[in-house]
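Next up, protein-v1.tsv (TSV, C-alpha atoms):
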```
chain	number	residue	atom	x	y	z
N	24	MET	CA	20.15	-13.04	-4.77
N	25	LEU	CA	22.45	-10.03	-4.77
N	26	ASP	CA	20.67	-6.74	-5.49
N	27	PHE	CA	23.05	-4.20	-7.05
N	28	PHE	CA	21.90	-0.57	-7.46
N	29	ALA	CA	19.07	-1.58	-5.13
N	30	GLY	CA	17.63	1.90	-4.67
N	31	SER	CA	14.47	1.95	-2.58
N	32	GLY	CA	14.22	-1.85	-2.51
N	33	LEU	CA	11.39	-2.68	-4.90
N	34	VAL	CA	13.37	-5.48	-6.56
N	35	THR	CA	14.07	-7.02	-3.15
N	36	GLU	CA	10.35	-6.62	-2.42
N	37	ALA	CA	9.37	-8.25	-5.71
N	38	VAL	CA	11.56	-11.36	-5.53
N	39	LYS	CA	10.64	-12.37	-1.98
N	40	GLY	CA	8.55	-15.28	-3.20
N	41	SER	CA	11.45	-16.63	-5.28
N	42	PHE	CA	14.74	-15.58	-3.68
N	43	ARG	CA	16.22	-14.39	-0.42
N	44	VAL	CA	18.28	-11.25	-0.96
N	45	VAL	CA	21.49	-11.74	1.04
N	46	TRP	CA	23.31	-8.56	-0.02
N	47	ALA	CA	22.25	-5.25	-1.54
N	48	ASN	CA	23.90	-1.92	-2.25
N	49	ASP	CA	23.25	1.62	-3.40
N	50	ILE	CA	25.15	4.90	-3.25
N	51	ASP	CA	22.18	7.17	-2.46
N	52	PRO	CA	21.68	7.53	1.33
N	53	ARG	CA	18.07	8.69	0.91
N	54	LYS	CA	17.12	5.62	-1.10
N	55	ALA	CA	19.17	3.47	1.27
N	56	SER	CA	17.01	4.76	4.13
N	57	VAL	CA	13.88	3.59	2.28
N	58	TYR	CA	15.47	0.21	1.57
N	59	THR	CA	16.60	-0.46	5.13
N	60	SER	CA	13.37	0.75	6.71
N	61	ASN	CA	11.51	-1.89	4.68
N	62	HIS	CA	14.04	-4.73	4.47
N	63	GLY	CA	16.48	-4.22	7.33
N	64	SER	CA	20.04	-2.97	7.32
N	65	GLY	CA	22.01	-6.13	8.11
N	66	HIS	CA	22.66	-7.07	4.48
N	67	PHE	CA	22.78	-3.56	2.99
N	68	CYS	CA	26.01	-1.88	1.83
N	69	LEU	CA	25.91	1.89	1.32
N	70	GLY	CA	28.46	3.07	-1.22
N	71	SER	CA	29.55	3.00	-4.83
N	72	VAL	CA	29.65	-0.29	-6.69
N	73	ALA	CA	33.16	0.77	-7.75
N	74	ASP	CA	34.28	0.13	-4.18
N	75	VAL	CA	32.69	-3.34	-3.90
N	76	LYS	CA	35.03	-6.33	-3.89
N	77	GLY	CA	33.61	-9.57	-5.21
N	78	ALA	CA	35.64	-11.68	-2.79
N	79	ASP	CA	33.77	-10.02	0.09
N	80	LEU	CA	30.28	-10.95	-1.11
N	81	PRO	CA	28.28	-13.98	0.02
N	82	GLU	CA	27.40	-16.91	-2.22
N	83	ALA	CA	24.31	-16.37	-4.32
N	84	ASP	CA	22.36	-17.97	-7.15
N	85	ALA	CA	21.46	-14.72	-8.91
N	86	ALA	CA	22.67	-11.13	-9.23
N	87	TRP	CA	20.35	-8.31	-10.27
N	88	ALA	CA	21.66	-4.95	-11.51
N	89	SER	CA	19.30	-2.05	-12.23
N	90	PHE	CA	22.24	0.04	-13.37
N	91	PRO	CA	21.88	3.80	-13.97
N	92	CYS	CA	19.94	4.78	-17.08
N	93	GLN	CA	20.96	8.43	-17.49
N	94	ASP	CA	23.38	7.82	-20.37
N	95	LEU	CA	20.93	5.56	-22.21
N	96	SER	CA	17.73	7.54	-21.71
N	97	LEU	CA	16.30	9.93	-24.31
N	98	ALA	CA	15.93	12.39	-21.43
N	99	GLY	CA	19.65	12.18	-20.66
N	100	PRO	CA	22.93	13.06	-22.39
N	101	MET	CA	22.90	9.83	-24.49
N	102	THR	CA	26.59	9.15	-23.96
N	103	GLY	CA	25.82	5.43	-23.94
N	104	ILE	CA	26.81	2.36	-21.99
N	105	ARG	CA	30.34	3.69	-21.58
N	106	GLY	CA	29.05	6.91	-20.05
N	107	ARG	CA	29.91	8.02	-16.53
N	108	ARG	CA	26.66	6.77	-14.96
N	109	SER	CA	25.42	3.91	-17.16
N	110	GLY	CA	29.02	2.71	-17.49
N	111	LEU	CA	28.82	1.47	-13.90
N	112	VAL	CA	27.47	-1.76	-15.40
N	113	TRP	CA	31.12	-2.64	-16.11
N	114	GLU	CA	31.89	-2.32	-12.41
N	115	TRP	CA	29.07	-4.78	-11.78
N	116	LEU	CA	30.65	-7.25	-14.18
N	117	ARG	CA	34.02	-6.71	-12.51
N	118	VAL	CA	32.47	-7.74	-9.20
N	119	ILE	CA	30.95	-10.83	-10.85
N	120	ASP	CA	34.42	-11.68	-12.22
N	121	GLU	CA	35.96	-11.35	-8.76
N	122	MET	CA	33.30	-13.60	-7.26
N	123	ARG	CA	34.08	-16.24	-9.85
N	124	GLU	CA	37.81	-15.98	-9.11
N	125	ALA	CA	36.90	-16.60	-5.47
N	126	GLY	CA	35.02	-19.78	-6.46
N	127	ARG	CA	31.50	-18.32	-6.37
N	128	ARG	CA	30.03	-18.27	-9.86
N	129	ILE	CA	26.60	-16.70	-10.30
N	130	SER	CA	24.18	-18.86	-12.30
N	131	VAL	CA	21.65	-16.15	-13.19
N	132	LEU	CA	22.51	-12.55	-14.10
N	133	VAL	CA	19.90	-9.83	-14.67
N	134	ALA	CA	20.55	-6.31	-15.95
N	135	GLU	CA	17.61	-3.88	-16.14
N	136	ASN	CA	17.49	-0.55	-17.96
N	137	VAL	CA	15.49	1.67	-20.30
N	138	ALA	CA	14.56	0.71	-23.86
N	139	GLY	CA	17.44	2.81	-25.17
N	140	LEU	CA	19.76	-0.02	-24.17
N	141	VAL	CA	18.54	-2.01	-27.19
N	142	SER	CA	17.27	0.72	-29.52
N	143	SER	CA	19.88	3.51	-29.45
N	144	ASP	CA	22.77	3.49	-31.93
N	145	HIS	CA	21.34	0.49	-33.77
N	146	GLY	CA	21.60	-1.65	-30.63
N	147	ASP	CA	25.34	-1.11	-30.21
N	148	HIS	CA	25.05	-0.55	-26.44
N	149	TYR	CA	23.37	-3.89	-25.95
N	150	ARG	CA	25.84	-5.56	-28.31
N	151	GLN	CA	28.71	-4.48	-26.06
N	152	LEU	CA	26.99	-5.88	-22.98
N	153	HIS	CA	26.06	-9.09	-24.81
N	154	ALA	CA	29.65	-9.64	-25.96
N	155	ALA	CA	30.90	-9.11	-22.41
N	156	LEU	CA	28.47	-11.73	-21.08
N	157	LEU	CA	29.47	-14.25	-23.75
N	158	ALA	CA	33.16	-13.66	-22.98
N	159	ARG	CA	32.41	-14.69	-19.40
N	160	GLY	CA	30.86	-18.00	-20.46
N	161	TYR	CA	27.20	-16.99	-20.46
N	162	VAL	CA	24.45	-16.98	-23.05
N	163	ALA	CA	21.98	-14.12	-22.90
N	164	GLY	CA	18.86	-12.50	-24.27
N	165	ALA	CA	16.74	-9.43	-23.61
N	166	LEU	CA	13.06	-9.02	-22.78
N	167	HIS	CA	10.91	-5.91	-23.23
N	168	LEU	CA	8.39	-5.72	-20.37
N	169	ASP	CA	6.05	-2.77	-19.92
N	170	ALA	CA	4.47	-2.25	-16.48
N	171	ILE	CA	1.25	-1.27	-18.26
N	172	ARG	CA	0.44	-4.99	-18.51
N	173	TRP	CA	0.23	-5.17	-14.72
N	174	LEU	CA	-0.29	-1.58	-13.53
N	175	PRO	CA	-1.97	1.63	-14.76
N	176	GLN	CA	1.42	3.14	-15.63
N	177	SER	CA	3.21	3.09	-18.97
N	178	ARG	CA	6.75	2.02	-18.07
N	179	PRO	CA	8.64	0.02	-20.72
N	180	ARG	CA	11.90	-1.51	-19.53
N	181	VAL	CA	14.47	-3.97	-20.90
N	182	PHE	CA	15.59	-6.95	-18.82
N	183	VAL	CA	18.74	-8.77	-19.92
N	184	VAL	CA	18.95	-12.31	-18.55
N	185	ALA	CA	22.09	-14.46	-18.75
N	186	THR	CA	22.97	-17.97	-17.59
N	187	PRO	CA	25.97	-20.28	-18.15
N	188	ALA	CA	26.40	-21.45	-21.74
N	189	ASP	CA	26.39	-25.12	-20.72
N	190	ALA	CA	22.85	-24.91	-19.27
N	191	ASP	CA	20.01	-26.97	-20.71
N	192	LEU	CA	17.53	-24.30	-21.75
N	193	SER	CA	15.04	-26.48	-23.56
N	194	LYS	CA	12.34	-25.67	-20.98
N	195	ARG	CA	13.24	-22.01	-20.58
N	196	SER	CA	13.64	-20.78	-24.15
N	197	ALA	CA	11.45	-20.42	-27.24
N	198	SER	CA	12.39	-21.08	-30.84
N	199	GLY	CA	11.86	-17.45	-31.77
N	200	PRO	CA	10.51	-14.10	-30.55
N	201	THR	CA	7.42	-13.90	-28.36
N	202	TRP	CA	5.13	-11.20	-26.92
N	203	ALA	CA	8.02	-10.06	-24.68
N	204	HIS	CA	10.37	-9.16	-27.55
N	205	SER	CA	10.12	-5.69	-29.09
N	206	PRO	CA	11.08	-5.01	-32.72
N	207	ALA	CA	14.47	-3.67	-31.58
N	208	ILE	CA	15.10	-6.82	-29.55
N	209	ARG	CA	14.01	-9.04	-32.43
N	210	ARG	CA	16.53	-7.40	-34.71
N	211	LEU	CA	19.28	-7.97	-32.17
N	212	GLY	CA	18.31	-11.57	-31.53
N	213	GLU	CA	18.36	-12.39	-35.22
N	214	SER	CA	21.92	-11.07	-35.59
N	215	LEU	CA	23.76	-12.20	-32.46
N	216	SER	CA	25.37	-15.48	-31.46
N	217	GLY	CA	24.84	-16.79	-27.97
N	218	TRP	CA	21.33	-15.31	-28.00
N	219	VAL	CA	18.42	-16.87	-26.10
N	220	TRP	CA	14.75	-16.21	-26.82
N	221	TRP	CA	13.64	-16.43	-23.20
N	222	LYS	CA	10.22	-17.97	-22.63
N	223	LEU	CA	7.91	-16.10	-20.29
N	224	PRO	CA	4.15	-16.61	-19.84
N	225	GLU	CA	2.02	-13.65	-20.86
N	226	PRO	CA	0.34	-12.01	-17.84
N	227	LYS	CA	-3.39	-11.80	-17.41
N	228	ARG	CA	-5.12	-8.69	-18.70
N	229	ARG	CA	-4.81	-5.76	-16.34
N	230	GLU	CA	-8.06	-4.70	-14.69
N	231	ARG	CA	-7.10	-1.68	-12.57
N	232	ARG	CA	-7.27	1.83	-13.99
N	233	LEU	CA	-5.43	4.87	-12.73
N	234	VAL	CA	-8.53	6.20	-10.98
N	235	ASP	CA	-8.71	2.95	-8.99
N	236	ILE	CA	-5.44	3.63	-7.16
N	237	LEU	CA	-5.75	7.39	-6.60
N	238	ASP	CA	-6.72	9.11	-3.38
N	239	LEU	CA	-9.39	11.45	-4.71
N	240	SER	CA	-9.69	13.07	-1.28
N	241	ALA	CA	-6.08	14.34	-1.36
N	242	PRO	CA	-5.75	18.15	-1.25
N	243	CYS	CA	-5.71	19.95	-4.61
N	244	ASP	CA	-4.05	23.17	-5.72
N	245	ASP	CA	-5.65	26.47	-4.78
N	246	GLU	CA	-7.84	28.18	-7.35
N	247	ALA	CA	-5.10	30.43	-8.72
N	248	ALA	CA	-2.61	27.56	-9.19
N	249	ALA	CA	-5.28	25.37	-10.80
N	250	LYS	CA	-6.16	28.18	-13.21
N	251	ARG	CA	-2.49	28.55	-14.19
N	252	ASN	CA	-2.11	24.80	-14.71
N	253	LEU	CA	-5.28	24.48	-16.77
N	254	SER	CA	-4.17	27.41	-18.95
N	255	LEU	CA	-1.12	25.35	-19.98
N	256	ILE	CA	-3.20	22.59	-21.59
N	257	PRO	CA	-2.61	22.78	-25.37
N	258	PRO	CA	-5.67	23.20	-27.66
N	259	LYS	CA	-5.63	19.63	-28.95
N	260	HIS	CA	-5.57	18.22	-25.42
N	261	GLU	CA	-8.18	20.74	-24.28
N	262	ALA	CA	-10.53	19.50	-27.00
N	263	LYS	CA	-10.05	15.94	-25.77
N	264	LEU	CA	-10.69	17.09	-22.21
N	265	ILE	CA	-13.95	18.79	-23.18
N	266	SER	CA	-15.04	15.66	-25.01
N	267	ALA	CA	-14.12	13.48	-22.03
N	268	LEU	CA	-16.17	15.65	-19.67
N	269	GLY	CA	-19.27	14.41	-21.44
N	270	ASN	CA	-18.25	10.76	-21.07
N	271	GLY	CA	-17.83	10.30	-17.33
N	272	PHE	CA	-14.32	11.81	-17.13
N	273	VAL	CA	-12.75	11.66	-13.65
N	274	VAL	CA	-8.98	12.18	-13.97
N	275	ALA	CA	-6.26	12.76	-16.57
N	276	PRO	CA	-2.54	12.62	-15.77
N	277	GLY	CA	0.06	14.72	-17.51
N	278	TYR	CA	3.51	16.25	-17.52
N	279	LYS	CA	4.53	19.84	-18.04
N	280	ARG	CA	6.70	20.02	-21.15
N	281	THR	CA	8.67	22.87	-22.64
N	282	ARG	CA	7.75	23.29	-26.31
N	283	HIS	CA	8.63	25.94	-28.88
N	284	SER	CA	5.52	27.88	-27.88
N	285	GLY	CA	6.38	27.67	-24.17
N	286	GLN	CA	5.41	25.42	-21.30
N	287	ARG	CA	2.51	23.01	-21.86
N	288	LEU	CA	0.62	20.56	-19.66
N	289	GLU	CA	0.16	17.53	-21.92
N	290	LEU	CA	-2.49	15.05	-20.80
N	291	ARG	CA	-3.45	11.48	-21.59
N	292	PHE	CA	-6.96	10.02	-21.48
N	293	ASP	CA	-6.48	6.24	-21.57
N	294	GLY	CA	-6.81	5.60	-17.83
N	295	VAL	CA	-3.05	5.11	-17.47
N	296	ALA	CA	-0.34	7.30	-15.96
N	297	GLY	CA	2.74	8.30	-17.89
N	298	CYS	CA	6.07	6.81	-16.91
N	299	LEU	CA	7.14	7.96	-13.45
N	300	ARG	CA	10.43	9.84	-13.59
N	301	THR	CA	12.64	11.93	-11.39
N	302	PRO	CA	13.80	15.52	-11.87
N	303	GLU	CA	17.34	14.16	-12.36
N	304	GLY	CA	16.05	12.21	-15.35
N	305	GLY	CA	15.15	15.43	-17.15
N	306	SER	CA	11.40	15.43	-16.59
N	307	SER	CA	9.04	17.08	-14.15
N	308	ARG	CA	6.73	15.47	-11.64
N	309	GLN	CA	3.39	14.17	-12.84
N	310	PHE	CA	0.23	16.26	-12.49
N	311	LEU	CA	-3.41	15.25	-12.32
N	312	VAL	CA	-6.44	17.09	-13.71
N	313	ILE	CA	-9.43	15.96	-11.67
N	314	ARG	CA	-13.14	16.51	-12.15
N	315	ARG	CA	-14.78	17.38	-8.84
N	316	ASP	CA	-18.27	16.24	-7.88
N	317	ASP	CA	-19.62	19.67	-8.82
N	318	GLY	CA	-18.15	19.38	-12.31
N	319	THR	CA	-15.33	21.88	-11.83
N	320	LEU	CA	-11.74	20.97	-12.61
N	321	ALA	CA	-8.93	20.78	-10.05
N	322	THR	CA	-5.22	20.08	-10.40
N	323	ARG	CA	-2.49	18.68	-8.17
N	324	LEU	CA	0.68	16.65	-8.20
N	325	ILE	CA	0.38	12.91	-7.64
N	326	THR	CA	1.15	11.98	-4.05
N	327	ALA	CA	4.15	9.88	-3.07
N	328	ARG	CA	1.81	7.06	-2.00
N	329	GLU	CA	0.06	7.18	-5.36
N	330	ALA	CA	3.46	6.94	-7.04
N	331	ALA	CA	4.19	3.87	-4.92
N	332	ARG	CA	0.88	2.31	-6.00
N	333	MET	CA	1.77	3.01	-9.63
N	334	MET	CA	4.91	0.96	-9.00
N	335	GLY	CA	2.93	-1.88	-7.43
N	336	ALA	CA	4.27	-1.34	-3.90
N	337	ARG	CA	2.01	-2.34	-1.02
N	338	ASP	CA	0.41	0.48	0.96
N	339	SER	CA	2.37	-0.59	4.05
N	340	TYR	CA	5.67	0.01	2.21
N	341	ARG	CA	7.42	2.73	4.21
N	342	LEU	CA	8.13	5.97	2.35
N	343	PRO	CA	10.07	9.09	3.40
N	344	GLU	CA	8.08	11.87	5.02
N	345	ASN	CA	9.61	14.36	2.59
N	346	TYR	CA	7.55	14.49	-0.62
N	347	ASN	CA	10.46	14.90	-3.02
N	348	ASP	CA	12.37	12.01	-1.45
N	349	GLY	CA	9.31	9.75	-1.64
N	350	TYR	CA	8.60	10.66	-5.25
N	351	ARG	CA	12.23	10.16	-6.22
N	352	ALA	CA	12.39	6.79	-4.45
N	353	MET	CA	9.50	5.48	-6.55
N	354	GLY	CA	10.23	7.25	-9.83
N	355	ASP	CA	13.66	5.68	-10.05
N	356	ALA	CA	12.63	2.11	-9.19
N	357	VAL	CA	11.52	-1.16	-10.80
N	358	ALA	CA	7.80	-1.98	-10.90
N	359	VAL	CA	7.11	-4.74	-8.38
N	360	PRO	CA	4.75	-7.02	-10.38
N	361	VAL	CA	7.05	-6.90	-13.41
N	362	ALA	CA	10.08	-8.06	-11.42
N	363	ARG	CA	7.93	-10.58	-9.56
N	364	HIS	CA	6.64	-12.10	-12.82
N	365	LEU	CA	10.14	-12.35	-14.28
N	366	SER	CA	11.59	-13.76	-11.07
N	367	GLY	CA	8.92	-16.38	-10.47
N	368	HIS	CA	8.57	-17.62	-14.03
N	369	LEU	CA	12.15	-17.44	-15.34
N	370	LEU	CA	14.87	-16.47	-12.87
N	371	ALA	CA	13.96	-18.89	-10.08
N	372	PRO	CA	13.51	-21.84	-12.49
N	373	LEU	CA	16.92	-21.06	-14.04
N	374	ALA	CA	18.51	-21.01	-10.59
N	375	LYS	CA	16.79	-24.27	-9.69
N	376	ASP	CA	18.07	-25.86	-12.91
N	377	ALA	CA	21.60	-24.74	-12.04
N	378	LYS	CA	21.37	-26.29	-8.57
N	379	ALA	CA	20.20	-29.54	-10.10
N	380	ARG	CA	23.19	-29.56	-12.48
N	381	THR	CA	25.67	-29.07	-9.66
N	382	SER	CA	24.02	-31.72	-7.46
N	383	PRO	CA	23.19	-34.63	-9.82
N	384	GLY	CA	21.15	-37.47	-8.42
N	385	ARG	CA	19.56	-35.47	-5.62
N	386	THR	CA	16.74	-32.99	-5.31
N	387	PRO	CA	18.18	-29.54	-4.63
N	388	HIS	CA	17.05	-27.46	-1.70
N	389	CYS	CA	15.04	-24.54	-3.12
N	390	PRO	CA	14.41	-21.63	-0.78
N	391	TRP	CA	11.57	-20.39	-3.00
N	392	HIS	CA	9.51	-23.56	-2.44
```
What is this structure when it is put down as structure tokens?
Amino acid sequence: MLDFFAGSGLVTEAVKGSFRVVWANDIDPRKASVYTSNHGSGHFCLGSVADVKGADLPEADAAWASFPCQDLSLAGPMTGIRGRRSGLVWEWLRVIDEMREAGRRISVLVAENVAGLVSSDHGDHYRQLHAALLARGYVAGALHLDAIRWLPQSRPRVFVVATPADADLSKRSASGPTWAHSPAIRRLGESLSGWVWWKLPEPKRRERRLVDILDLSAPCDDEAAAKRNLSLIPPKHEAKLISALGNGFVVAPGYKRTRHSGQRLELRFDGVAGCLRTPEGGSSRQFLVIRRDDGTLATRLITAREAARMMGARDSYRLPENYNDGYRAMGDAVAVPVARHLSGHLLAPLAKDAKARTSPGRTPHCPWH
């Protein structure tokens, strides 16, 4: 696999059981440091995808692109898939074109982004990407996967999967929408040619709650800071907090938001963290309100390691010593169990099918077996 926009390396981490990543790139040197400290530097290319030449890349079965979301996110400028940042997806496709011209066609393409890719502007951003994939001889479809099914973090993301139009997809596709297709995706699928309703098994019910992955011994804010933070909780959320205190409440996560009445610390009480983000994405870092053993309330930011756990990264995954760098590395990544589920149950089988087509009469060598 080729891992474009690889960031801190959680996609490379996730697909290890299915693929060997032979090339990866990112433009951010801080994220690159996280990637190479966990996966090595021999196959990593630091720099803009705009400078990558397809003829220089190694052969691969699959190419993953978690292209920038800023122009498609509700927290961003919403300039769309032709915007300065999100528009880098077209550079990715240019590289794929150049690889094909060099005789190295990719059999599985994956593009990951926020839900705005399929929901904003009546799906027009996805329609442009879909048309570009069809023009290159692929068929494609999108899946809506929320990390909340695997992890105690609400993190909905869209995964576009494409494979050559001549592939036999009878084992990999459904006759219509499934659990992994949101209403916005269903509307697109019902209106587009060359669409595939990808088949993906539904994961088992998540058992872990947010409190299960937190370090409750981590230092909290001093009394004055905690008092300021608690004063920002809006009345409706404060009422829920008071009610929760009588029902075994331990922790509530929240973000500070700017509302018409000023700054507010808005909490949730369902045992799940809100979507991890980065300051560049237009949102603050996530806070915790914690009930101490003596019944008093404390506040603090989530730790970088807790952020990594919310993304499904192993505790031995190396993070930067600087807090902001560690938080940013995780907040701008792909949840490990989500990518692992997609890779093991759909991407690797598609790649195996492609190898079988190109080598009829013999059993293909499969590095994931």
Write out as a PDB file with C-alpha atoms, keeping the file's coordinate frame which residues come within 9 Å of Leu211 of chain N when counting only C-alpha atoms, dropping same-chain ones fewer than 2 positions away.
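The result, written out as out_18.pdb:
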```
ATOM      1  CA  VAL N 141      18.540  -2.010 -27.190  1.00  0.00           C
ATOM      2  CA  HIS N 145      21.340   0.490 -33.770  1.00  0.00           C
ATOM      3  CA  GLY N 146      21.600  -1.650 -30.630  1.00  0.00           C
ATOM      4  CA  TYR N 149      23.370  -3.890 -25.950  1.00  0.00           C
ATOM      5  CA  ARG N 150      25.840  -5.560 -28.310  1.00  0.00           C
ATOM      6  CA  PRO N 206      11.080  -5.010 -32.720  1.00  0.00           C
ATOM      7  CA  ALA N 207      14.470  -3.670 -31.580  1.00  0.00           C
ATOM      8  CA  ILE N 208      15.100  -6.820 -29.550  1.00  0.00           C
ATOM      9  CA  ARG N 209      14.010  -9.040 -32.430  1.00  0.00           C
ATOM     10  CA  GLU N 213      18.360 -12.390 -35.220  1.00  0.00           C
ATOM     11  CA  SER N 214      21.920 -11.070 -35.590  1.00  0.00           C
ATOM     12  CA  LEU N 215      23.760 -12.200 -32.460  1.00  0.00           C
ATOM     13  CA  TRP N 218      21.330 -15.310 -28.000  1.00  0.00           C
TER      14      TRP N 218
END
```
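Residue nearest Thr301 of chain N within the list N:Tyr340, N:Cys92, N:His368, N:Ala321: N:Cys92 [criterion: smallest interatomic distance, all atoms listed in the file].
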Among the residues N:Pro343, N:Gly277, N:Gly354, N:Gly110, the one that comes closest to Thr59 of chain N [using all atoms listed in the file]
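Nearest candidate to Thr59 of chain N out of N:Pro343, N:Gly277, N:Gly354, N:Gly110: N:Pro343.
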Could you check the closest approach to Tyr278 of chain N for each of N:Ser109, N:Ser143, N:Asn252, N:Ser56 and tell me which residue wins, using all atoms listed in the file?
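Of N:Ser109, N:Ser143, N:Asn252, N:Ser56, the one nearest Tyr278 of chain N is N:Asn252, counting all atoms listed in the file.
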In Å, how far is it from atom CA of Ala197 of chain N to atom CA of Asp26 of chain N?
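Atom CA of Ala197 of chain N sits 27.3 Å away from atom CA of Asp26 of chain N.
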What separates atom CA of Val57 of chain N and atom CA of Phe42 of chain N is a distance of 20.1 Å
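A search radius of 7 Å centred on (21.4, -3.4, -9.9), applied to all atoms listed in the file, returns the residues Asp26, Phe27, Phe28, Ala29, Trp87, Ala88, Ser89, Phe90 and Ala134 of chain N.
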Expressed in Å, the length from atom CA of Leu95 of chain N to atom CA of Ser41 of chain N is 29.5 Å
May I have the protein, DNA and RNA residues with an atom at most 6 Å from (19.3, -1.2, 2.7), counting all atoms listed in the file in the file's coordinates, returned as a PyMOL selection string?
chain N and resi 55+58-59+64+67
For Ala356 of chain N, the nearest of the candidates N:Ala154, N:Met333, N:Ala47, N:Ala371, counting all atoms listed in the file
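Answer, going by the shortest atom-to-atom distance: N:Met333.
If you measure from each of N:Pro175, N:Cys68, N:Ser205, N:Tyr161 to Ser142 of chain N using all atoms listed in the file, the closest one turns out to be N:Ser205.
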Please enclose the listed atoms of segment 320-325 of chain N in an axis-aligned box, pad each side by 4 Å, and write out the centre and the three edge lengths in Å, rounded to one decimal, as lines of an AutoDock Vina configuration file.
```
center_x = -5.5
center_y = 16.9
center_z = -10.1
size_x = 20.4
size_y = 16.1
size_z = 13.0
```
Given all atoms listed in the file as the counted atoms, nearest of N:Ser130, N:Ser71, N:Asn347, N:Thr201 to Arg380 of chain N:
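Smallest separation from Arg380 of chain N among the options: N:Ser130.
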Near Asp169 of chain N, counting all atoms listed in the file, which residues have an atom at most 7 Å away, once you skip same-chain residues fewer than 5 positions from it, shown as number ranges by chain?
N: 177-180
Find the residues around Tyr350 of chain N up to 10 Å (only C-alpha atoms counted), leave out those fewer than 5 positions away in its own chain, and share them as an NGL selection string.
:N and (299-302 or 308-309 or 325-331 or 342-343 or 345 or 355)
Non-local contacts of Arg282 of chain N (12 Å; only C-alpha atoms; under 4 positions in same chain excluded) as number ranges by chain
N: 255-257, 286-289
Would you mind listing what lies within 9 Å of Gly212 of chain N as a PyMOL selection string, with only C-alpha atoms counted and same-chain residues fewer than 5 positions away left out?
chain N and resi 164-165+199-200+207+218-220
Please dump the current selection as an mmCIF file, in the frame of the given file; keep C-alpha atoms.
```
data_model
loop_
_atom_site.group_PDB
_atom_site.id
_atom_site.type_symbol
_atom_site.label_atom_id
_atom_site.label_comp_id
_atom_site.auth_asym_id
_atom_site.auth_seq_id
_atom_site.Cartn_x
_atom_site.Cartn_y
_atom_site.Cartn_z
ATOM 1 C CA GLY N 164 18.860 -12.500 -24.270
ATOM 2 C CA ALA N 165 16.740 -9.430 -23.610
ATOM 3 C CA GLY N 199 11.860 -17.450 -31.770
ATOM 4 C CA PRO N 200 10.510 -14.100 -30.550
ATOM 5 C CA ALA N 207 14.470 -3.670 -31.580
ATOM 6 C CA TRP N 218 21.330 -15.310 -28.000
ATOM 7 C CA VAL N 219 18.420 -16.870 -26.100
ATOM 8 C CA TRP N 220 14.750 -16.210 -26.820
#
```
